[in-house]
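Source file: model-v4.txt (compact mmCIF, C-alpha atoms and all ligand atoms)
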```
# COMPACT_ATOMS: atom_id res chain seq x y z
CA MET M 1 -36.96 2.87 -23.15
CA LEU M 2 -38.30 6.35 -23.78
CA LYS M 3 -36.26 9.28 -22.54
CA GLN M 4 -37.30 10.82 -19.22
CA LEU M 5 -38.56 14.41 -19.15
CA SER M 6 -36.23 17.16 -17.93
CA GLU M 7 -37.26 19.90 -15.48
CA LYS M 8 -37.60 22.28 -18.43
CA ASP M 9 -39.78 19.76 -20.31
CA ILE M 10 -42.07 19.52 -17.31
CA GLN M 11 -42.43 23.31 -17.27
CA ARG M 12 -42.82 23.64 -21.03
CA TYR M 13 -45.47 20.93 -21.40
CA SER M 14 -47.20 21.47 -18.05
CA HIS M 15 -50.57 22.23 -19.65
CA GLN M 16 -50.44 18.92 -21.54
CA LEU M 17 -49.02 16.90 -18.68
CA ILE M 18 -52.06 17.61 -16.55
CA LEU M 19 -54.34 16.22 -19.22
CA LYS M 20 -55.52 12.71 -18.40
CA ASN M 21 -55.11 11.70 -22.05
CA VAL M 22 -51.52 12.92 -22.30
CA GLY M 23 -49.74 12.83 -18.93
CA TYR M 24 -46.06 12.14 -18.33
CA GLU M 25 -45.97 8.90 -20.33
CA GLY M 26 -47.86 10.46 -23.24
CA GLN M 27 -45.44 13.36 -23.38
CA LYS M 28 -42.54 10.92 -23.57
CA LYS M 29 -44.27 9.26 -26.54
CA LEU M 30 -44.71 12.61 -28.31
CA LEU M 31 -41.04 13.46 -27.78
CA ALA M 32 -40.02 10.11 -29.24
CA SER M 33 -42.28 10.42 -32.29
CA LYS M 34 -41.49 11.42 -35.86
CA VAL M 35 -43.93 13.28 -38.09
CA PHE M 36 -43.52 14.21 -41.75
CA ILE M 37 -45.35 17.24 -43.16
CA LEU M 38 -45.74 17.44 -46.92
CA GLY M 39 -46.16 21.07 -47.97
CA MET M 40 -45.34 24.12 -45.87
CA GLY M 41 -48.23 26.27 -47.04
CA GLY M 42 -51.57 27.23 -45.52
CA LEU M 43 -51.90 23.84 -43.74
CA GLY M 44 -48.22 23.17 -43.10
CA SER M 45 -47.80 26.44 -41.21
CA PRO M 46 -50.26 25.82 -38.35
CA VAL M 47 -49.65 22.05 -38.30
CA SER M 48 -45.90 22.48 -37.88
CA MET M 49 -46.27 25.22 -35.27
CA TYR M 50 -48.67 23.21 -33.11
CA LEU M 51 -46.67 19.99 -33.44
CA THR M 52 -43.47 21.85 -32.53
CA SER M 53 -45.17 23.44 -29.53
CA ALA M 54 -46.55 20.07 -28.45
CA GLY M 55 -43.09 18.50 -28.47
CA ILE M 56 -43.11 16.10 -31.42
CA GLY M 57 -39.46 15.02 -31.22
CA THR M 58 -38.67 14.90 -34.94
CA LEU M 59 -40.39 16.82 -37.70
CA GLY M 60 -39.65 16.33 -41.38
CA ILE M 61 -40.84 19.24 -43.51
CA ALA M 62 -40.98 19.16 -47.30
CA ASP M 63 -41.55 21.98 -49.79
CA PHE M 64 -39.56 22.94 -52.85
CA ASP M 65 -40.98 26.49 -53.06
CA ASN M 66 -39.74 29.87 -51.91
CA VAL M 67 -41.93 32.29 -49.97
CA GLU M 68 -43.98 34.65 -52.16
CA LEU M 69 -45.90 37.79 -51.22
CA SER M 70 -49.21 36.09 -52.09
CA ASN M 71 -48.48 33.34 -49.52
CA LEU M 72 -48.62 35.70 -46.54
CA GLN M 73 -52.43 35.92 -46.69
CA ARG M 74 -52.68 32.44 -45.11
CA GLN M 75 -49.22 30.93 -44.49
CA ILE M 76 -48.74 32.32 -41.02
CA LEU M 77 -45.27 30.94 -40.46
CA PHE M 78 -43.79 33.48 -42.91
CA ASP M 79 -43.36 37.25 -42.94
CA GLN M 80 -42.36 39.94 -45.44
CA LYS M 81 -38.64 39.55 -44.75
CA ASN M 82 -38.84 35.92 -45.91
CA ILE M 83 -39.96 36.63 -49.48
CA ASN M 84 -37.91 34.73 -52.09
CA LYS M 85 -36.30 32.56 -49.40
CA SER M 86 -36.72 28.80 -49.09
CA LYS M 87 -39.90 27.90 -47.20
CA VAL M 88 -38.39 24.90 -45.43
CA GLU M 89 -35.28 26.80 -44.32
CA ILE M 90 -37.31 29.71 -42.94
CA ALA M 91 -39.78 27.28 -41.34
CA LYS M 92 -36.97 25.38 -39.63
CA LYS M 93 -35.50 28.57 -38.16
CA LYS M 94 -38.85 29.80 -36.88
CA LEU M 95 -39.94 26.44 -35.47
CA LEU M 96 -36.65 26.11 -33.57
CA LEU M 97 -37.35 29.52 -32.04
CA ILE M 98 -40.53 28.01 -30.58
CA ASN M 99 -38.84 24.82 -29.38
CA GLN M 100 -35.09 24.42 -29.74
CA ASN M 101 -35.00 20.87 -28.36
CA LEU M 102 -36.54 19.21 -31.41
CA LYS M 103 -35.01 17.78 -34.56
CA ILE M 104 -36.23 19.35 -37.78
CA LYS M 105 -35.22 17.79 -41.05
CA THR M 106 -35.84 19.77 -44.24
CA TYR M 107 -36.58 18.43 -47.71
CA LYS M 108 -36.38 21.19 -50.33
CA GLN M 109 -37.39 18.90 -53.13
CA LYS M 110 -40.39 17.59 -55.00
CA ILE M 111 -41.83 14.45 -53.48
CA THR M 112 -42.10 11.98 -56.34
CA LYS M 113 -42.76 8.29 -56.95
CA LYS M 114 -39.01 7.77 -56.85
CA ASN M 115 -38.26 9.28 -53.43
CA VAL M 116 -41.53 9.10 -51.50
CA ASP M 117 -41.17 5.62 -49.94
CA LYS M 118 -37.59 6.20 -48.85
CA ILE M 119 -38.44 9.52 -47.18
CA ILE M 120 -41.68 8.67 -45.41
CA SER M 121 -40.58 5.27 -44.13
CA ASN M 122 -38.54 7.20 -41.52
CA TYR M 123 -41.71 8.61 -39.93
CA ASP M 124 -44.60 7.45 -37.73
CA VAL M 125 -47.28 9.78 -39.12
CA VAL M 126 -47.58 11.80 -42.34
CA VAL M 127 -49.52 15.06 -42.66
CA ASP M 128 -50.73 15.93 -46.13
CA GLY M 129 -50.62 19.68 -46.61
CA SER M 130 -50.47 19.51 -50.40
CA ASP M 131 -52.92 21.30 -52.66
CA ASN M 132 -53.34 18.97 -55.63
CA PHE M 133 -54.76 15.53 -56.34
CA LYS M 134 -51.60 14.19 -57.94
CA THR M 135 -49.62 14.64 -54.70
CA LYS M 136 -52.52 13.47 -52.54
CA TYR M 137 -52.76 10.19 -54.47
CA LEU M 138 -48.99 9.72 -54.35
CA ILE M 139 -48.73 10.23 -50.60
CA ASN M 140 -51.86 8.12 -49.98
CA ASP M 141 -50.45 5.16 -51.92
CA SER M 142 -47.10 5.38 -50.19
CA CYS M 143 -48.62 5.64 -46.69
CA VAL M 144 -50.87 2.61 -47.30
CA LYS M 145 -47.91 0.64 -48.69
CA ASN M 146 -45.63 1.58 -45.77
CA LYS M 147 -48.38 1.28 -43.11
CA ILE M 148 -48.03 4.86 -41.94
CA THR M 149 -50.98 6.90 -40.66
CA LEU M 150 -51.90 9.74 -43.02
CA VAL M 151 -53.76 12.85 -41.88
CA SER M 152 -55.09 14.48 -45.01
CA ALA M 153 -56.78 17.84 -45.56
CA ALA M 154 -57.88 19.99 -48.45
CA LEU M 155 -59.00 23.61 -48.68
CA ARG M 156 -61.20 25.50 -51.07
CA GLY M 157 -62.76 28.91 -50.58
CA PHE M 158 -64.37 28.94 -47.11
CA GLU M 159 -64.34 25.13 -46.93
CA ALA M 160 -62.04 22.44 -45.60
CA GLN M 161 -62.12 18.65 -45.58
CA ILE M 162 -60.14 16.52 -43.15
CA THR M 163 -59.77 12.77 -42.82
CA THR M 164 -57.34 10.28 -41.27
CA ILE M 165 -56.27 7.18 -43.16
CA LYS M 166 -54.94 3.74 -42.24
CA GLY M 167 -55.83 2.13 -45.55
CA TRP M 168 -53.63 -0.92 -45.05
CA VAL M 169 -56.01 -2.28 -42.39
CA LYS M 170 -58.19 -4.94 -44.06
CA SER M 171 -61.50 -3.68 -42.76
CA ASN M 172 -64.27 -1.78 -44.48
CA SER M 173 -63.99 0.94 -41.85
CA TYR M 174 -60.39 1.77 -42.84
CA PRO M 175 -60.64 3.15 -46.37
CA CYS M 176 -57.96 5.21 -48.10
CA TYR M 177 -58.08 8.59 -49.79
CA LYS M 178 -58.70 7.00 -53.19
CA CYS M 179 -61.71 5.08 -51.83
CA MET M 180 -63.36 8.47 -51.18
CA PHE M 181 -61.91 10.33 -54.16
CA PRO M 182 -61.19 7.81 -56.95
CA PRO M 183 -58.93 9.18 -59.68
CA ILE M 184 -60.86 10.16 -62.78
CA LYS M 185 -59.55 8.46 -65.90
CA ASN M 186 -57.94 10.70 -68.52
CA LYS M 187 -57.97 13.65 -66.11
CA LYS M 188 -54.58 15.00 -65.25
CA ASN M 189 -55.32 15.41 -61.52
CA ASN M 190 -53.04 18.40 -61.18
CA GLU M 191 -55.70 21.01 -60.61
CA THR M 192 -54.78 22.74 -57.36
CA TYR M 193 -57.29 23.58 -54.66
CA GLN M 194 -55.81 27.00 -54.16
CA ASP M 195 -56.52 27.94 -57.78
CA CYS M 196 -60.06 28.38 -56.48
CA GLY M 197 -59.13 31.00 -53.86
CA ILE M 198 -59.16 30.59 -50.10
CA VAL M 199 -59.92 32.53 -46.95
CA GLY M 200 -56.89 32.42 -44.62
CA GLY M 201 -58.66 31.36 -41.42
CA ILE M 202 -59.94 28.07 -42.88
CA ALA M 203 -56.33 26.95 -43.35
CA GLY M 204 -55.69 27.69 -39.67
CA ILE M 205 -58.69 25.64 -38.55
CA ALA M 206 -57.91 22.68 -40.81
CA GLY M 207 -54.22 22.70 -39.90
CA SER M 208 -55.02 22.87 -36.18
CA LEU M 209 -57.38 19.91 -36.54
CA GLN M 210 -54.71 17.96 -38.40
CA SER M 211 -52.22 18.59 -35.58
CA VAL M 212 -54.66 17.18 -33.02
CA GLU M 213 -55.41 14.14 -35.22
CA VAL M 214 -51.65 13.46 -35.26
CA ILE M 215 -51.29 13.79 -31.49
CA LYS M 216 -54.29 11.52 -30.82
CA ASP M 217 -52.92 8.89 -33.20
CA ILE M 218 -49.51 8.89 -31.49
CA LEU M 219 -51.06 8.71 -28.03
CA GLY M 220 -53.78 6.23 -29.04
CA VAL M 221 -56.50 8.33 -27.38
CA GLY M 222 -59.94 9.48 -28.45
CA LYS M 223 -61.23 8.77 -31.92
CA ASN M 224 -59.58 9.71 -35.20
CA LEU M 225 -61.42 10.59 -38.41
CA LEU M 226 -60.98 7.05 -39.79
CA GLY M 227 -63.52 6.36 -42.54
CA GLU M 228 -64.90 9.81 -41.82
CA LEU M 229 -64.53 13.01 -43.80
CA LEU M 230 -65.06 16.12 -41.70
CA ILE M 231 -66.37 18.93 -43.88
CA ILE M 232 -66.25 22.48 -42.56
CA ASP M 233 -68.06 25.33 -44.29
CA LEU M 234 -67.16 28.58 -42.59
CA LEU M 235 -69.37 30.68 -44.84
CA PHE M 236 -72.40 29.20 -43.05
CA ASN M 237 -70.61 27.83 -39.94
CA ARG M 238 -71.51 24.24 -40.74
CA PHE M 239 -69.47 21.24 -39.56
CA LYS M 240 -70.54 17.81 -40.79
CA ILE M 241 -69.07 14.33 -41.01
CA ILE M 242 -69.58 12.04 -44.00
CA LYS M 243 -68.79 8.38 -43.40
CA TYR M 244 -67.10 6.45 -46.18
CA LYS M 245 -65.97 2.87 -46.59
CA LYS M 246 -63.46 0.88 -48.57
CA ASN M 247 -64.20 1.04 -52.29
CA LYS M 248 -64.02 -2.41 -53.89
CA LYS M 249 -62.63 -0.86 -57.06
CA CYS M 250 -59.80 0.94 -55.21
CA ASN M 251 -56.46 -0.26 -56.58
CA THR M 252 -54.59 0.95 -53.47
CA CYS M 253 -56.66 -0.92 -50.89
CA LYS M 254 -56.59 -4.25 -52.75
ZN ZN M 301 -58.60 2.65 -51.05
```
As structure tokens, please, write out the structure in this file.
Ligand SMILES: [Zn+2]
Amino acid sequence: MLKQLSEKDIQRYSHQLILKNVGYEGQKKLLASKVFILGMGGLGSPVSMYLTSAGIGTLGIADFDNVELSNLQRQILFDQKNINKSKVEIAKKKLLLINQNLKIKTYKQKITKKNVDKIISNYDVVVDGSDNFKTKYLINDSCVKNKITLVSAALRGFEAQITTIKGWVKSNSYPCYKCMFPPIKNKKNNETYQDCGIVGGIAGIAGSLQSVEVIKDILGVGKNLLGELLIIDLLFNRFKIIKYKKNKKCNTCK
């Protein structure tokens, strides 16, 4: 049985409770849910803030980096006093200031082949806020294997791409990240998106969209970006959706 809402919960979440698609029962589901965020950078900042505000009961946040001056241009969770301090520790403190009732578990470590399954199997949904293909493939494979919804996003310049993945479902309409972006042989896959430069606001938009994809998946409402890649180009204010299907050659979806 899900925990009942307290008087304070009813006040705090009142603007969600009146939504037909959330309501009292939906809020109980959010409070009972567990979401893992990989990377506390440009995407992880807004995603974690919105999910904390919305009352996701348990958040796992992973990042092995410390805050640097060059992060502040887009990573809105951090300020100048945080420079050289652990991102996940600072993030935890600040998120608890927004909502002290939640559990926040920090992982100041690299997510690798060795630890990924053990960590993410504790969660209902995973948010990919990483900035390189190597990590994106790793988290994709683990989410498909463990049957956990993955909300992925990538940033470059004025552009963002967002998609939601349930690649374990044996249907053409449920592809995985590798179906859309197959690894290129003999390429190291560790080029980072942020090497290309980025405008801060695009991270905010993409992270906000990721947070809503997570909430919809937990509540089972609306339509997620399954088999759909939303591409946003803020330089020309263009939003478009590309549909993609399972790739027969994908070694993750087999
Ligand atoms: Zn696939």
- Of the candidates M:Gly26, M:Pro46, M:Gly167, M:Pro183, which shows the shortest atom-to-atom distance to ligand ZN 301 (chain M), using only C-alpha atoms and all ligand atoms? M:Gly167
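Going from atom CA of M:Gln75 over to atom CA of M:Val199, you cover 11.1 Å.
Counting all atoms listed in the file, the residue from M:Ile148, M:Cys176, M:Ile162, M:Ile139 that sits nearest to ligand ZN 301 (chain M) is M:Cys176.
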Please produce, as a Markdown table, a per-residue contact table for chain M versus ligand ZN 301 (chain M) (criterion: any atom at most 7 Å away, only C-alpha atoms and all ligand atoms considered), showing the nearest atom pair and its distance in Å to one decimal, sorted by chain then residue number.
```
| residue | atom | partner | partner_atom | distance |
| --- | --- | --- | --- | --- |
| M:Gly167 | CA | M:ZN301 | ZN | 6.2 |
| M:Pro175 | CA | M:ZN301 | ZN | 5.1 |
| M:Cys176 | CA | M:ZN301 | ZN | 4.0 |
| M:Tyr177 | CA | M:ZN301 | ZN | 6.1 |
| M:Lys178 | CA | M:ZN301 | ZN | 4.8 |
| M:Cys179 | CA | M:ZN301 | ZN | 4.0 |
| M:Lys246 | CA | M:ZN301 | ZN | 5.7 |
| M:Asn247 | CA | M:ZN301 | ZN | 6.0 |
| M:Cys250 | CA | M:ZN301 | ZN | 4.7 |
| M:Asn251 | CA | M:ZN301 | ZN | 6.6 |
| M:Thr252 | CA | M:ZN301 | ZN | 5.0 |
| M:Cys253 | CA | M:ZN301 | ZN | 4.1 |
```
- Message: Can you tell me which residues surround stretch 224-227 of chain M at a distance of at most 6 Å, considering only C-alpha atoms, apart from same-chain residues fewer than 4 positions away, and format the answer as a list of chain:residue names?
- Response: M:Thr163, M:Thr164, M:Ile165, M:Ser173, M:Tyr174, M:Pro175, M:Lys243, M:Tyr244, M:Lys245
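Counting only C-alpha atoms and comparing M:Ser48, M:Asn146, M:Gln210, M:Asn66, the residue that lies closest to M:Ile104 is M:Ser48.
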Can you pull out the residues contacting M:Ala62? Cut-off 9 Å, using only C-alpha atoms, and skip same-chain residues under 5 positions away; I want them as a PDB file with C-alpha atoms, keeping the file's coordinate frame.
```
ATOM      1  CA  PHE M  36     -43.520  14.210 -41.750  1.00  0.00           C
ATOM      2  CA  ILE M  37     -45.350  17.240 -43.160  1.00  0.00           C
ATOM      3  CA  LEU M  38     -45.740  17.440 -46.920  1.00  0.00           C
ATOM      4  CA  GLY M  39     -46.160  21.070 -47.970  1.00  0.00           C
ATOM      5  CA  MET M  40     -45.340  24.120 -45.870  1.00  0.00           C
ATOM      6  CA  LYS M  87     -39.900  27.900 -47.200  1.00  0.00           C
ATOM      7  CA  VAL M  88     -38.390  24.900 -45.430  1.00  0.00           C
ATOM      8  CA  LYS M 105     -35.220  17.790 -41.050  1.00  0.00           C
ATOM      9  CA  THR M 106     -35.840  19.770 -44.240  1.00  0.00           C
ATOM     10  CA  TYR M 107     -36.580  18.430 -47.710  1.00  0.00           C
ATOM     11  CA  LYS M 108     -36.380  21.190 -50.330  1.00  0.00           C
ATOM     12  CA  GLN M 109     -37.390  18.900 -53.130  1.00  0.00           C
ATOM     13  CA  LYS M 110     -40.390  17.590 -55.000  1.00  0.00           C
ATOM     14  CA  ILE M 111     -41.830  14.450 -53.480  1.00  0.00           C
TER      15      ILE M 111
END
```
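If you look at atom CA of M:Thr149 and atom CA of M:Val126, they are 6.2 Å away from each other.
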With 12 Å as the threshold, what does the neighbourhood of (-48.4, 17.6, -47.9) contain in terms of residues, counting only C-alpha atoms? Coordinates are those of the file; answer as a PDB file with C-alpha atoms, in the frame of the given file.
```
ATOM      1  CA  VAL M  35     -43.930  13.280 -38.090  1.00  0.00           C
ATOM      2  CA  PHE M  36     -43.520  14.210 -41.750  1.00  0.00           C
ATOM      3  CA  ILE M  37     -45.350  17.240 -43.160  1.00  0.00           C
ATOM      4  CA  LEU M  38     -45.740  17.440 -46.920  1.00  0.00           C
ATOM      5  CA  GLY M  39     -46.160  21.070 -47.970  1.00  0.00           C
ATOM      6  CA  MET M  40     -45.340  24.120 -45.870  1.00  0.00           C
ATOM      7  CA  GLY M  41     -48.230  26.270 -47.040  1.00  0.00           C
ATOM      8  CA  GLY M  42     -51.570  27.230 -45.520  1.00  0.00           C
ATOM      9  CA  LEU M  43     -51.900  23.840 -43.740  1.00  0.00           C
ATOM     10  CA  GLY M  44     -48.220  23.170 -43.100  1.00  0.00           C
ATOM     11  CA  SER M  45     -47.800  26.440 -41.210  1.00  0.00           C
ATOM     12  CA  VAL M  47     -49.650  22.050 -38.300  1.00  0.00           C
ATOM     13  CA  SER M  48     -45.900  22.480 -37.880  1.00  0.00           C
ATOM     14  CA  GLY M  60     -39.650  16.330 -41.380  1.00  0.00           C
ATOM     15  CA  ILE M  61     -40.840  19.240 -43.510  1.00  0.00           C
ATOM     16  CA  ALA M  62     -40.980  19.160 -47.300  1.00  0.00           C
ATOM     17  CA  ASP M  63     -41.550  21.980 -49.790  1.00  0.00           C
ATOM     18  CA  PHE M  64     -39.560  22.940 -52.850  1.00  0.00           C
ATOM     19  CA  TYR M 107     -36.580  18.430 -47.710  1.00  0.00           C
ATOM     20  CA  LYS M 110     -40.390  17.590 -55.000  1.00  0.00           C
ATOM     21  CA  ILE M 111     -41.830  14.450 -53.480  1.00  0.00           C
ATOM     22  CA  THR M 112     -42.100  11.980 -56.340  1.00  0.00           C
ATOM     23  CA  VAL M 116     -41.530   9.100 -51.500  1.00  0.00           C
ATOM     24  CA  ILE M 120     -41.680   8.670 -45.410  1.00  0.00           C
ATOM     25  CA  VAL M 125     -47.280   9.780 -39.120  1.00  0.00           C
ATOM     26  CA  VAL M 126     -47.580  11.800 -42.340  1.00  0.00           C
ATOM     27  CA  VAL M 127     -49.520  15.060 -42.660  1.00  0.00           C
ATOM     28  CA  ASP M 128     -50.730  15.930 -46.130  1.00  0.00           C
ATOM     29  CA  GLY M 129     -50.620  19.680 -46.610  1.00  0.00           C
ATOM     30  CA  SER M 130     -50.470  19.510 -50.400  1.00  0.00           C
ATOM     31  CA  ASP M 131     -52.920  21.300 -52.660  1.00  0.00           C
ATOM     32  CA  ASN M 132     -53.340  18.970 -55.630  1.00  0.00           C
ATOM     33  CA  PHE M 133     -54.760  15.530 -56.340  1.00  0.00           C
ATOM     34  CA  LYS M 134     -51.600  14.190 -57.940  1.00  0.00           C
ATOM     35  CA  THR M 135     -49.620  14.640 -54.700  1.00  0.00           C
ATOM     36  CA  LYS M 136     -52.520  13.470 -52.540  1.00  0.00           C
ATOM     37  CA  TYR M 137     -52.760  10.190 -54.470  1.00  0.00           C
ATOM     38  CA  LEU M 138     -48.990   9.720 -54.350  1.00  0.00           C
ATOM     39  CA  ILE M 139     -48.730  10.230 -50.600  1.00  0.00           C
ATOM     40  CA  ASN M 140     -51.860   8.120 -49.980  1.00  0.00           C
ATOM     41  CA  LEU M 150     -51.900   9.740 -43.020  1.00  0.00           C
ATOM     42  CA  VAL M 151     -53.760  12.850 -41.880  1.00  0.00           C
ATOM     43  CA  SER M 152     -55.090  14.480 -45.010  1.00  0.00           C
ATOM     44  CA  ALA M 153     -56.780  17.840 -45.560  1.00  0.00           C
ATOM     45  CA  ALA M 154     -57.880  19.990 -48.450  1.00  0.00           C
ATOM     46  CA  GLY M 207     -54.220  22.700 -39.900  1.00  0.00           C
ATOM     47  CA  GLN M 210     -54.710  17.960 -38.400  1.00  0.00           C
TER      48      GLN M 210
END
```
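Going from atom CA of M:Trp168 to atom CA of M:Gly220 covers 17.5 Å.
Using only C-alpha atoms, the nearest neighbour of M:Lys249 within the list M:Gly157, M:Gly200, M:Gly55, M:Pro182 is M:Pro182.
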- Item | Minimum-distance residue to M:Asn101, chosen among M:Lys147, M:Lys185, M:Arg12, M:Lys248 (using all atoms listed in the file) | M:Arg12
